[in-house]
Amino acid sequence: MKSLIPSLGVVSFAVVLTVVLILGTKEQKAGKAKPLGWWWVLGLSMIAGASYTAAGWPFDIVSQLIMGDAVSLATATLPGITLPGLALILLAFLAWMGLTRRQVAVLGIVLVHIMAGAGGGFGTLAQRIHAIAMHFAS
């Protein structure tokens, strides 16, 4: 046994975080676990969004839809708007709208996925998640 944690993989990690967010933001209590708090939802959605970027193919569909359709629509409406600008617009939307925890989770995943694709700190986080997954896989 080389490590305590078996190789989970980046795609599995992203899916596990998504399932935890979906089940953890359920309003009605079904099992023994309590619903996730706001900060847990926001933190896990950030890690899940970066994991989507690190995962590659299955989650590239989301980024292609967002970057292809939303960015082309935004640049047609407002010439000169960039991907980081769209991410900040989503961040402002997240900050001032009254959202449920599930809506925060979905918007947080999309926001960080866009921000990780644009580079910067979340892009570095996506690279680190990918490097850690490759380390555990070897």
# chains A, B, ... in the order shown; residues from 1 in each chain; ligands from 1
>>> select_by_dssp(residues="segment 33-119 of chain A", states="alpha helix (DSSP H)", output="CSV table (one decimal) with all heavy atoms, in the first residue's frame")
chain,number,residue,atom,x,y,z
A,38,TRP,N,-23.4,27.8,4.5
A,38,TRP,CA,-23.1,28.7,3.4
A,38,TRP,C,-21.6,28.7,3.0
A,38,TRP,O,-21.2,28.6,1.9
A,38,TRP,CB,-23.5,30.1,3.7
A,38,TRP,CG,-24.9,30.3,3.7
A,38,TRP,CD1,-25.8,30.3,4.8
A,38,TRP,CD2,-25.8,30.5,2.6
A,38,TRP,NE1,-27.1,30.5,4.4
A,38,TRP,CE2,-27.1,30.6,3.0
A,38,TRP,CE3,-25.5,30.6,1.2
A,38,TRP,CZ2,-28.2,30.8,2.1
A,38,TRP,CZ3,-26.6,30.7,0.3
A,38,TRP,CH2,-27.9,30.8,0.8
A,39,TRP,N,-20.7,28.7,4.0
A,39,TRP,CA,-19.3,28.8,3.7
A,39,TRP,C,-18.8,27.5,3.2
A,39,TRP,O,-17.9,27.5,2.3
A,39,TRP,CB,-18.5,29.2,5.0
A,39,TRP,CG,-18.7,30.6,5.3
A,39,TRP,CD1,-19.5,31.1,6.4
A,39,TRP,CD2,-18.3,31.8,4.6
A,39,TRP,NE1,-19.5,32.5,6.3
A,39,TRP,CE2,-18.8,32.9,5.2
A,39,TRP,CE3,-17.6,31.9,3.4
A,39,TRP,CZ2,-18.6,34.2,4.7
A,39,TRP,CZ3,-17.4,33.2,2.9
A,39,TRP,CH2,-17.8,34.3,3.6
A,40,TRP,N,-19.3,26.4,3.7
A,40,TRP,CA,-19.0,25.1,3.1
A,40,TRP,C,-19.4,25.0,1.7
A,40,TRP,O,-18.7,24.4,0.8
A,40,TRP,CB,-19.6,23.9,3.9
A,40,TRP,CG,-18.8,23.6,5.2
A,40,TRP,CD1,-19.1,24.0,6.4
A,40,TRP,CD2,-17.6,22.9,5.2
A,40,TRP,NE1,-18.1,23.5,7.3
A,40,TRP,CE2,-17.2,22.8,6.6
A,40,TRP,CE3,-16.8,22.3,4.3
A,40,TRP,CZ2,-16.0,22.2,7.0
A,40,TRP,CZ3,-15.6,21.7,4.7
A,40,TRP,CH2,-15.2,21.6,6.0
A,41,VAL,N,-20.6,25.4,1.4
A,41,VAL,CA,-21.1,25.4,0.0
A,41,VAL,C,-20.2,26.2,-0.9
A,41,VAL,O,-19.8,25.8,-2.0
A,41,VAL,CB,-22.6,25.9,0.0
A,41,VAL,CG1,-23.0,26.1,-1.5
A,41,VAL,CG2,-23.5,24.9,0.7
A,42,LEU,N,-19.9,27.4,-0.5
A,42,LEU,CA,-19.1,28.3,-1.3
A,42,LEU,C,-17.7,27.7,-1.5
A,42,LEU,O,-17.1,27.7,-2.6
A,42,LEU,CB,-19.0,29.7,-0.7
A,42,LEU,CG,-18.4,30.8,-1.5
A,42,LEU,CD1,-19.1,30.9,-2.9
A,42,LEU,CD2,-18.4,32.1,-0.8
A,43,GLY,N,-17.1,27.2,-0.4
A,43,GLY,CA,-15.7,26.6,-0.5
A,43,GLY,C,-15.7,25.4,-1.4
A,43,GLY,O,-14.8,25.2,-2.2
A,44,LEU,N,-16.6,24.5,-1.2
A,44,LEU,CA,-16.6,23.3,-2.0
A,44,LEU,C,-17.0,23.5,-3.4
A,44,LEU,O,-16.5,22.9,-4.3
A,44,LEU,CB,-17.6,22.2,-1.4
A,44,LEU,CG,-17.2,21.6,-0.1
A,44,LEU,CD1,-18.3,20.7,0.4
A,44,LEU,CD2,-15.9,20.8,-0.2
A,45,SER,N,-17.8,24.5,-3.7
A,45,SER,CA,-18.1,24.8,-5.1
A,45,SER,C,-16.9,25.5,-5.8
A,45,SER,O,-16.7,25.2,-7.0
A,45,SER,CB,-19.3,25.8,-5.2
A,45,SER,OG,-19.0,27.0,-4.6
A,46,MET,N,-16.1,26.2,-5.0
A,46,MET,CA,-14.9,26.7,-5.6
A,46,MET,C,-13.9,25.6,-6.0
A,46,MET,O,-13.3,25.6,-7.1
A,46,MET,CB,-14.2,27.7,-4.7
A,46,MET,CG,-14.9,29.0,-4.5
A,46,MET,SD,-14.1,30.0,-3.3
A,46,MET,CE,-14.7,31.6,-3.7
A,47,ILE,N,-13.7,24.7,-5.1
A,47,ILE,CA,-12.9,23.5,-5.4
A,47,ILE,C,-13.4,22.7,-6.5
A,47,ILE,O,-12.7,22.2,-7.4
A,47,ILE,CB,-12.6,22.7,-4.1
A,47,ILE,CG1,-11.9,23.5,-3.0
A,47,ILE,CG2,-11.8,21.4,-4.4
A,47,ILE,CD1,-11.8,22.9,-1.7
A,48,ALA,N,-14.7,22.5,-6.5
A,48,ALA,CA,-15.4,21.7,-7.6
A,48,ALA,C,-15.2,22.4,-9.0
A,48,ALA,O,-14.9,21.8,-10.0
A,48,ALA,CB,-16.9,21.5,-7.3
A,49,GLY,N,-15.3,23.8,-9.0
A,49,GLY,CA,-15.2,24.5,-10.2
A,49,GLY,C,-13.7,24.4,-10.8
A,49,GLY,O,-13.5,24.2,-12.0
A,50,ALA,N,-12.8,24.5,-9.9
A,50,ALA,CA,-11.4,24.3,-10.3
A,50,ALA,C,-11.1,22.8,-10.7
A,50,ALA,O,-10.4,22.6,-11.6
A,50,ALA,CB,-10.4,24.7,-9.1
A,51,SER,N,-11.8,21.9,-10.1
A,51,SER,CA,-11.7,20.5,-10.5
A,51,SER,C,-12.3,20.2,-11.8
A,51,SER,O,-11.8,19.4,-12.6
A,51,SER,CB,-12.4,19.6,-9.4
A,51,SER,OG,-11.8,19.7,-8.2
A,52,TYR,N,-13.3,21.0,-12.2
A,52,TYR,CA,-13.9,20.8,-13.5
A,52,TYR,C,-12.9,21.2,-14.6
A,52,TYR,O,-12.7,20.6,-15.6
A,52,TYR,CB,-15.1,21.8,-13.7
A,52,TYR,CG,-16.4,21.2,-13.1
A,52,TYR,CD1,-16.5,20.3,-12.1
A,52,TYR,CD2,-17.6,21.6,-13.6
A,52,TYR,CE1,-17.7,19.8,-11.6
A,52,TYR,CE2,-18.8,21.2,-13.2
A,52,TYR,CZ,-18.8,20.2,-12.1
A,52,TYR,OH,-20.0,19.8,-11.7
A,53,THR,N,-12.2,22.3,-14.3
A,53,THR,CA,-11.1,22.8,-15.2
A,53,THR,C,-10.0,21.8,-15.3
A,53,THR,O,-9.5,21.5,-16.4
A,53,THR,CB,-10.6,24.2,-14.8
A,53,THR,OG1,-11.7,25.1,-14.7
A,53,THR,CG2,-9.6,24.7,-15.8
A,54,ALA,N,-9.6,21.2,-14.2
A,54,ALA,CA,-8.5,20.2,-14.1
A,54,ALA,C,-8.9,18.9,-14.8
A,54,ALA,O,-8.1,18.2,-15.3
A,54,ALA,CB,-8.1,20.0,-12.7
A,55,ALA,N,-10.2,18.6,-14.7
A,55,ALA,CA,-10.7,17.3,-15.2
A,55,ALA,C,-10.5,17.1,-16.7
A,55,ALA,O,-10.3,16.1,-17.2
A,55,ALA,CB,-12.1,17.0,-14.8
A,57,TRP,N,-11.9,16.7,-20.4
A,57,TRP,CA,-12.9,16.4,-21.4
A,57,TRP,C,-14.4,16.4,-20.9
A,57,TRP,O,-15.2,17.1,-21.4
A,57,TRP,CB,-12.7,15.1,-22.1
A,57,TRP,CG,-13.8,14.8,-23.0
A,57,TRP,CD1,-14.1,15.4,-24.2
A,57,TRP,CD2,-14.9,13.9,-22.8
A,57,TRP,NE1,-15.3,15.0,-24.8
A,57,TRP,CE2,-15.8,14.0,-23.9
A,57,TRP,CE3,-15.3,13.0,-21.8
A,57,TRP,CZ2,-17.0,13.3,-24.0
A,57,TRP,CZ3,-16.4,12.3,-21.9
A,57,TRP,CH2,-17.3,12.5,-23.0
A,58,PRO,N,-14.8,15.6,-19.9
A,58,PRO,CA,-16.3,15.6,-19.7
A,58,PRO,C,-16.8,17.0,-19.3
A,58,PRO,O,-17.9,17.3,-19.6
A,58,PRO,CB,-16.5,14.6,-18.6
A,58,PRO,CG,-15.2,14.0,-18.3
A,58,PRO,CD,-14.1,14.7,-19.0
A,59,PHE,N,-15.9,17.8,-18.7
A,59,PHE,CA,-16.4,19.1,-18.2
A,59,PHE,C,-16.0,20.2,-19.1
A,59,PHE,O,-16.4,21.3,-18.9
A,59,PHE,CB,-15.8,19.3,-16.8
A,59,PHE,CG,-16.2,18.3,-15.8
A,59,PHE,CD1,-15.3,17.3,-15.4
A,59,PHE,CD2,-17.5,18.3,-15.3
A,59,PHE,CE1,-15.7,16.3,-14.5
A,59,PHE,CE2,-17.9,17.3,-14.4
A,59,PHE,CZ,-17.0,16.3,-14.0
A,60,ASP,N,-15.3,19.9,-20.2
A,60,ASP,CA,-15.0,20.9,-21.2
A,60,ASP,C,-16.3,21.3,-22.0
A,60,ASP,O,-16.3,22.4,-22.5
A,60,ASP,CB,-14.0,20.3,-22.3
A,60,ASP,CG,-12.6,20.4,-21.8
A,60,ASP,OD1,-12.3,21.0,-20.7
A,60,ASP,OD2,-11.7,19.7,-22.4
A,61,ILE,N,-17.3,20.5,-21.9
A,61,ILE,CA,-18.5,20.9,-22.6
A,61,ILE,C,-19.1,22.1,-21.9
A,61,ILE,O,-19.6,23.0,-22.6
A,61,ILE,CB,-19.5,19.7,-22.5
A,61,ILE,CG1,-18.9,18.5,-23.3
A,61,ILE,CG2,-20.9,20.1,-23.1
A,61,ILE,CD1,-19.7,17.2,-23.1
A,62,VAL,N,-19.1,22.1,-20.6
A,62,VAL,CA,-19.6,23.3,-19.9
A,62,VAL,C,-18.8,24.5,-20.2
A,62,VAL,O,-19.4,25.6,-20.6
A,62,VAL,CB,-19.5,23.0,-18.3
A,62,VAL,CG1,-19.9,24.3,-17.6
A,62,VAL,CG2,-20.3,21.9,-17.9
A,63,SER,N,-17.5,24.5,-20.3
A,63,SER,CA,-16.7,25.6,-20.6
A,63,SER,C,-16.9,26.1,-22.0
A,63,SER,O,-16.9,27.2,-22.3
A,63,SER,CB,-15.2,25.4,-20.3
A,63,SER,OG,-14.7,24.4,-21.1
A,64,GLN,N,-17.0,25.1,-22.9
A,64,GLN,CA,-17.3,25.4,-24.3
A,64,GLN,C,-18.6,26.1,-24.5
A,64,GLN,O,-18.7,27.1,-25.3
A,64,GLN,CB,-17.2,24.2,-25.2
A,64,GLN,CG,-15.8,23.7,-25.4
A,64,GLN,CD,-15.7,22.3,-26.1
A,64,GLN,OE1,-16.8,21.8,-26.4
A,64,GLN,NE2,-14.5,21.8,-26.3
A,65,LEU,N,-19.6,25.7,-23.8
A,65,LEU,CA,-20.9,26.3,-23.9
A,65,LEU,C,-20.8,27.8,-23.3
A,65,LEU,O,-21.3,28.7,-23.9
A,65,LEU,CB,-22.0,25.6,-23.1
A,65,LEU,CG,-22.5,24.3,-23.8
A,65,LEU,CD1,-23.4,23.5,-22.8
A,65,LEU,CD2,-23.2,24.6,-25.1
A,71,VAL,N,-19.8,34.2,-24.0
A,71,VAL,CA,-18.8,35.2,-24.3
A,71,VAL,C,-19.1,35.8,-25.7
A,71,VAL,O,-19.0,37.0,-25.8
A,71,VAL,CB,-17.4,34.6,-24.3
A,71,VAL,CG1,-16.3,35.6,-24.8
A,71,VAL,CG2,-17.0,34.1,-22.9
A,72,SER,N,-19.5,35.0,-26.7
A,72,SER,CA,-19.8,35.6,-28.0
A,72,SER,C,-21.0,36.5,-27.9
A,72,SER,O,-21.1,37.6,-28.5
A,72,SER,CB,-20.0,34.5,-29.0
A,72,SER,OG,-21.1,33.7,-28.7
A,73,LEU,N,-22.0,36.1,-27.1
A,73,LEU,CA,-23.2,37.0,-26.9
A,73,LEU,C,-22.8,38.3,-26.1
A,73,LEU,O,-23.2,39.4,-26.5
A,73,LEU,CB,-24.3,36.2,-26.1
A,73,LEU,CG,-25.5,37.0,-25.7
A,73,LEU,CD1,-26.3,37.3,-27.0
A,73,LEU,CD2,-26.4,36.2,-24.8
A,74,ALA,N,-21.9,38.1,-25.1
A,74,ALA,CA,-21.5,39.3,-24.3
A,74,ALA,C,-20.7,40.2,-25.2
A,74,ALA,O,-20.8,41.5,-25.1
A,74,ALA,CB,-20.8,38.9,-23.1
A,75,THR,N,-19.8,39.7,-26.0
A,75,THR,CA,-18.9,40.6,-26.8
A,75,THR,C,-19.7,41.2,-27.9
A,75,THR,O,-19.4,42.3,-28.4
A,75,THR,CB,-17.7,39.8,-27.4
A,75,THR,OG1,-18.2,38.6,-28.1
A,75,THR,CG2,-16.7,39.4,-26.3
A,76,ALA,N,-20.8,40.5,-28.4
A,76,ALA,CA,-21.6,41.1,-29.4
A,76,ALA,C,-22.4,42.3,-28.8
A,76,ALA,O,-22.7,43.3,-29.4
A,76,ALA,CB,-22.6,40.1,-30.0
A,77,THR,N,-22.9,42.1,-27.5
A,77,THR,CA,-23.6,43.2,-26.8
A,77,THR,C,-22.7,44.3,-26.4
A,77,THR,O,-23.0,45.5,-26.6
A,77,THR,CB,-24.4,42.6,-25.6
A,77,THR,OG1,-25.1,41.4,-26.1
A,77,THR,CG2,-25.3,43.6,-25.0
A,83,LEU,N,-13.3,37.5,-20.5
A,83,LEU,CA,-13.7,36.4,-19.6
A,83,LEU,C,-13.6,36.8,-18.1
A,83,LEU,O,-14.5,36.5,-17.4
A,83,LEU,CB,-12.9,35.2,-19.9
A,83,LEU,CG,-13.4,33.9,-19.5
A,83,LEU,CD1,-14.8,33.6,-20.0
A,83,LEU,CD2,-12.5,32.8,-19.9
A,84,PRO,N,-12.5,37.4,-17.7
A,84,PRO,CA,-12.4,37.9,-16.3
A,84,PRO,C,-13.5,38.9,-16.0
A,84,PRO,O,-14.0,38.9,-14.8
A,84,PRO,CB,-11.0,38.5,-16.1
A,84,PRO,CG,-10.2,37.8,-17.2
A,84,PRO,CD,-11.1,37.6,-18.3
A,85,GLY,N,-13.9,39.7,-16.9
A,85,GLY,CA,-15.0,40.6,-16.7
A,85,GLY,C,-16.3,39.9,-16.5
A,85,GLY,O,-17.1,40.3,-15.6
A,86,LEU,N,-16.6,38.9,-17.3
A,86,LEU,CA,-17.8,38.1,-17.1
A,86,LEU,C,-17.8,37.4,-15.7
A,86,LEU,O,-18.8,37.3,-15.0
A,86,LEU,CB,-17.9,37.0,-18.2
A,86,LEU,CG,-18.3,37.5,-19.5
A,86,LEU,CD1,-18.3,36.4,-20.5
A,86,LEU,CD2,-19.7,38.2,-19.4
A,87,ALA,N,-16.6,36.9,-15.3
A,87,ALA,CA,-16.5,36.3,-14.0
A,87,ALA,C,-16.8,37.3,-12.8
A,87,ALA,O,-17.5,37.0,-11.9
A,87,ALA,CB,-15.1,35.7,-13.8
A,88,LEU,N,-16.3,38.5,-13.0
A,88,LEU,CA,-16.7,39.5,-12.0
A,88,LEU,C,-18.1,39.9,-12.0
A,88,LEU,O,-18.7,40.2,-10.9
A,88,LEU,CB,-15.8,40.8,-12.2
A,88,LEU,CG,-14.3,40.6,-11.8
A,88,LEU,CD1,-13.6,41.9,-12.1
A,88,LEU,CD2,-14.2,40.4,-10.3
A,89,ILE,N,-18.8,39.9,-13.2
A,89,ILE,CA,-20.2,40.1,-13.2
A,89,ILE,C,-20.9,39.0,-12.5
A,89,ILE,O,-21.9,39.3,-11.7
A,89,ILE,CB,-20.7,40.2,-14.7
A,89,ILE,CG1,-20.1,41.5,-15.3
A,89,ILE,CG2,-22.2,40.1,-14.8
A,89,ILE,CD1,-20.3,41.5,-16.8
A,90,LEU,N,-20.5,37.8,-12.7
A,90,LEU,CA,-21.2,36.7,-11.9
A,90,LEU,C,-20.9,36.8,-10.4
A,90,LEU,O,-21.8,36.5,-9.6
A,90,LEU,CB,-20.6,35.3,-12.4
A,90,LEU,CG,-21.2,34.8,-13.7
A,90,LEU,CD1,-20.6,33.5,-14.1
A,90,LEU,CD2,-22.7,34.6,-13.6
A,91,LEU,N,-19.7,37.3,-10.1
A,91,LEU,CA,-19.4,37.4,-8.6
A,91,LEU,C,-20.3,38.5,-8.0
A,91,LEU,O,-20.8,38.4,-6.9
A,91,LEU,CB,-17.9,37.8,-8.5
A,91,LEU,CG,-17.3,37.9,-7.1
A,91,LEU,CD1,-17.5,36.5,-6.4
A,91,LEU,CD2,-15.9,38.3,-7.1
A,92,ALA,N,-20.5,39.6,-8.7
A,92,ALA,CA,-21.4,40.7,-8.2
A,92,ALA,C,-22.8,40.1,-8.1
A,92,ALA,O,-23.5,40.4,-7.2
A,92,ALA,CB,-21.4,41.9,-9.2
A,93,PHE,N,-23.2,39.3,-9.1
A,93,PHE,CA,-24.6,38.7,-9.0
A,93,PHE,C,-24.7,37.8,-7.8
A,93,PHE,O,-25.7,37.8,-7.1
A,93,PHE,CB,-24.8,37.9,-10.3
A,93,PHE,CG,-26.1,37.3,-10.4
A,93,PHE,CD1,-27.2,38.1,-10.8
A,93,PHE,CD2,-26.3,35.9,-10.2
A,93,PHE,CE1,-28.5,37.5,-10.9
A,93,PHE,CE2,-27.6,35.4,-10.3
A,93,PHE,CZ,-28.7,36.1,-10.6
A,94,LEU,N,-23.6,37.0,-7.6
A,94,LEU,CA,-23.6,36.1,-6.4
A,94,LEU,C,-23.7,36.9,-5.1
A,94,LEU,O,-24.3,36.5,-4.2
A,94,LEU,CB,-22.4,35.3,-6.5
A,94,LEU,CG,-22.1,34.3,-5.4
A,94,LEU,CD1,-23.2,33.2,-5.4
A,94,LEU,CD2,-20.8,33.7,-5.5
A,95,ALA,N,-23.0,38.1,-5.0
A,95,ALA,CA,-22.9,38.8,-3.8
A,95,ALA,C,-24.2,39.5,-3.4
A,95,ALA,O,-24.6,39.6,-2.2
A,95,ALA,CB,-21.8,39.8,-3.9
A,96,TRP,N,-25.0,40.0,-4.4
A,96,TRP,CA,-26.1,40.8,-4.1
A,96,TRP,C,-27.5,40.2,-4.3
A,96,TRP,O,-28.5,40.8,-4.0
A,96,TRP,CB,-26.0,42.2,-4.8
A,96,TRP,CG,-25.1,43.1,-4.1
A,96,TRP,CD1,-25.4,43.8,-2.9
A,96,TRP,CD2,-23.8,43.5,-4.4
A,96,TRP,NE1,-24.4,44.5,-2.5
A,96,TRP,CE2,-23.4,44.4,-3.4
A,96,TRP,CE3,-23.0,43.2,-5.5
A,96,TRP,CZ2,-22.1,45.0,-3.5
A,96,TRP,CZ3,-21.7,43.8,-5.5
A,96,TRP,CH2,-21.3,44.7,-4.5
A,101,ARG,N,-28.8,28.0,-1.0
A,101,ARG,CA,-27.5,27.4,-1.0
A,101,ARG,C,-27.2,26.6,-2.3
A,101,ARG,O,-26.1,26.5,-2.8
A,101,ARG,CB,-27.4,26.5,0.2
A,101,ARG,CG,-27.2,27.2,1.5
A,101,ARG,CD,-27.0,26.3,2.6
A,101,ARG,NE,-28.1,25.3,2.6
A,101,ARG,CZ,-28.8,24.9,3.6
A,101,ARG,NH1,-28.5,25.4,4.8
A,101,ARG,NH2,-29.7,24.0,3.5
A,102,ARG,N,-28.2,25.9,-2.8
A,102,ARG,CA,-28.0,25.2,-4.1
A,102,ARG,C,-27.7,26.1,-5.2
A,102,ARG,O,-26.8,25.8,-6.0
A,102,ARG,CB,-29.2,24.4,-4.4
A,102,ARG,CG,-29.0,23.5,-5.6
A,102,ARG,CD,-30.0,22.4,-5.7
A,102,ARG,NE,-29.8,21.4,-4.7
A,102,ARG,CZ,-30.6,20.4,-4.5
A,102,ARG,NH1,-31.7,20.3,-5.2
A,102,ARG,NH2,-30.3,19.5,-3.6
A,103,GLN,N,-28.3,27.3,-5.3
A,103,GLN,CA,-28.0,28.2,-6.3
A,103,GLN,C,-26.6,28.8,-6.2
A,103,GLN,O,-25.9,29.0,-7.1
A,103,GLN,CB,-29.0,29.4,-6.3
A,103,GLN,CG,-30.4,28.9,-6.8
A,103,GLN,CD,-31.5,30.0,-6.5
A,103,GLN,OE1,-31.3,30.8,-5.6
A,103,GLN,NE2,-32.5,30.0,-7.3
A,104,VAL,N,-26.2,29.0,-4.9
A,104,VAL,CA,-24.8,29.4,-4.7
A,104,VAL,C,-23.8,28.4,-5.1
A,104,VAL,O,-22.8,28.7,-5.7
A,104,VAL,CB,-24.6,29.8,-3.2
A,104,VAL,CG1,-23.1,30.0,-2.8
A,104,VAL,CG2,-25.4,31.0,-2.8
A,105,ALA,N,-24.1,27.1,-4.9
A,105,ALA,CA,-23.3,26.0,-5.3
A,105,ALA,C,-23.1,26.0,-6.8
A,105,ALA,O,-22.0,25.9,-7.3
A,105,ALA,CB,-23.8,24.7,-4.8
A,106,VAL,N,-24.2,26.1,-7.5
A,106,VAL,CA,-24.2,26.0,-9.0
A,106,VAL,C,-23.4,27.2,-9.6
A,106,VAL,O,-22.5,27.1,-10.4
A,106,VAL,CB,-25.6,25.9,-9.6
A,106,VAL,CG1,-25.6,26.0,-11.1
A,106,VAL,CG2,-26.2,24.5,-9.2
A,107,LEU,N,-23.8,28.4,-9.1
A,107,LEU,CA,-23.2,29.6,-9.6
A,107,LEU,C,-21.7,29.6,-9.2
A,107,LEU,O,-20.8,30.1,-10.0
A,107,LEU,CB,-23.9,30.8,-9.1
A,107,LEU,CG,-23.6,32.1,-9.8
A,107,LEU,CD1,-23.8,32.0,-11.2
A,107,LEU,CD2,-24.4,33.3,-9.2
A,108,GLY,N,-21.3,29.1,-8.0
A,108,GLY,CA,-19.9,29.1,-7.6
A,108,GLY,C,-19.1,28.2,-8.4
A,108,GLY,O,-18.0,28.5,-8.8
A,109,ILE,N,-19.7,27.0,-8.8
A,109,ILE,CA,-19.0,26.1,-9.7
A,109,ILE,C,-18.7,26.7,-11.1
A,109,ILE,O,-17.6,26.7,-11.6
A,109,ILE,CB,-19.8,24.8,-9.9
A,109,ILE,CG1,-19.7,23.9,-8.6
A,109,ILE,CG2,-19.2,23.9,-11.0
A,109,ILE,CD1,-20.6,22.7,-8.6
A,110,VAL,N,-19.8,27.3,-11.6
A,110,VAL,CA,-19.6,28.0,-12.9
A,110,VAL,C,-18.7,29.2,-12.9
A,110,VAL,O,-17.8,29.3,-13.7
A,110,VAL,CB,-21.0,28.4,-13.4
A,110,VAL,CG1,-20.9,29.3,-14.7
A,110,VAL,CG2,-21.9,27.2,-13.7
A,111,LEU,N,-18.8,30.0,-11.8
A,111,LEU,CA,-17.9,31.1,-11.6
A,111,LEU,C,-16.4,30.7,-11.6
A,111,LEU,O,-15.6,31.3,-12.3
A,111,LEU,CB,-18.3,31.9,-10.4
A,111,LEU,CG,-17.4,33.0,-9.9
A,111,LEU,CD1,-17.4,34.2,-10.9
A,111,LEU,CD2,-17.7,33.5,-8.5
A,112,VAL,N,-16.1,29.8,-10.7
A,112,VAL,CA,-14.7,29.4,-10.6
A,112,VAL,C,-14.2,28.6,-11.8
A,112,VAL,O,-13.1,28.7,-12.2
A,112,VAL,CB,-14.5,28.5,-9.3
A,112,VAL,CG1,-13.1,28.0,-9.2
A,112,VAL,CG2,-14.8,29.4,-8.1
A,113,HIS,N,-15.1,27.9,-12.5
A,113,HIS,CA,-14.7,27.2,-13.7
A,113,HIS,C,-14.3,28.2,-14.8
A,113,HIS,O,-13.3,28.1,-15.5
A,113,HIS,CB,-15.9,26.3,-14.2
A,113,HIS,CG,-15.6,25.5,-15.4
A,113,HIS,ND1,-14.5,24.6,-15.4
A,113,HIS,CD2,-16.1,25.4,-16.6
A,113,HIS,CE1,-14.5,24.0,-16.5
A,113,HIS,NE2,-15.4,24.4,-17.3
A,114,ILE,N,-15.1,29.3,-14.9
A,114,ILE,CA,-14.7,30.4,-15.8
A,114,ILE,C,-13.4,31.1,-15.4
A,114,ILE,O,-12.5,31.3,-16.2
A,114,ILE,CB,-15.9,31.4,-15.8
A,114,ILE,CG1,-17.1,30.9,-16.5
A,114,ILE,CG2,-15.4,32.7,-16.6
A,114,ILE,CD1,-18.3,31.7,-16.4
A,115,MET,N,-13.3,31.4,-14.1
A,115,MET,CA,-12.1,32.1,-13.6
A,115,MET,C,-10.9,31.2,-13.7
A,115,MET,O,-9.8,31.7,-14.0
A,115,MET,CB,-12.3,32.5,-12.1
A,115,MET,CG,-13.4,33.6,-12.0
A,115,MET,SD,-13.7,34.0,-10.3
A,115,MET,CE,-12.4,35.1,-9.9
A,116,ALA,N,-11.0,29.9,-13.5
A,116,ALA,CA,-9.9,29.0,-13.7
A,116,ALA,C,-9.4,28.9,-15.2
A,116,ALA,O,-8.3,28.8,-15.5
A,116,ALA,CB,-10.2,27.6,-13.1
A,117,GLY,N,-10.4,29.0,-16.1
A,117,GLY,CA,-10.1,29.0,-17.5
A,117,GLY,C,-9.4,30.2,-17.9
A,117,GLY,O,-8.7,30.3,-18.9
>>> closest_residue(among="A:Ile129, A:Gly37, A:Gly119, A:His135", to="Phe13 of chain A", atoms="only C-alpha atoms")
A:Ile129
>>> atom_distance(atom1="atom CA of Ala133 of chain A", atom2="atom CA of Val10 of chain A")
5.9 Å
>>> atom_distance(atom1="atom CA of Thr82 of chain A", atom2="atom CA of Ala118 of chain A")
9.2 Å
>>> closest_residue(among="A:Lys26, A:Gly31, A:Gln127, A:Gly80", to="Gly56 of chain A", atoms="only C-alpha atoms")
A:Gln127
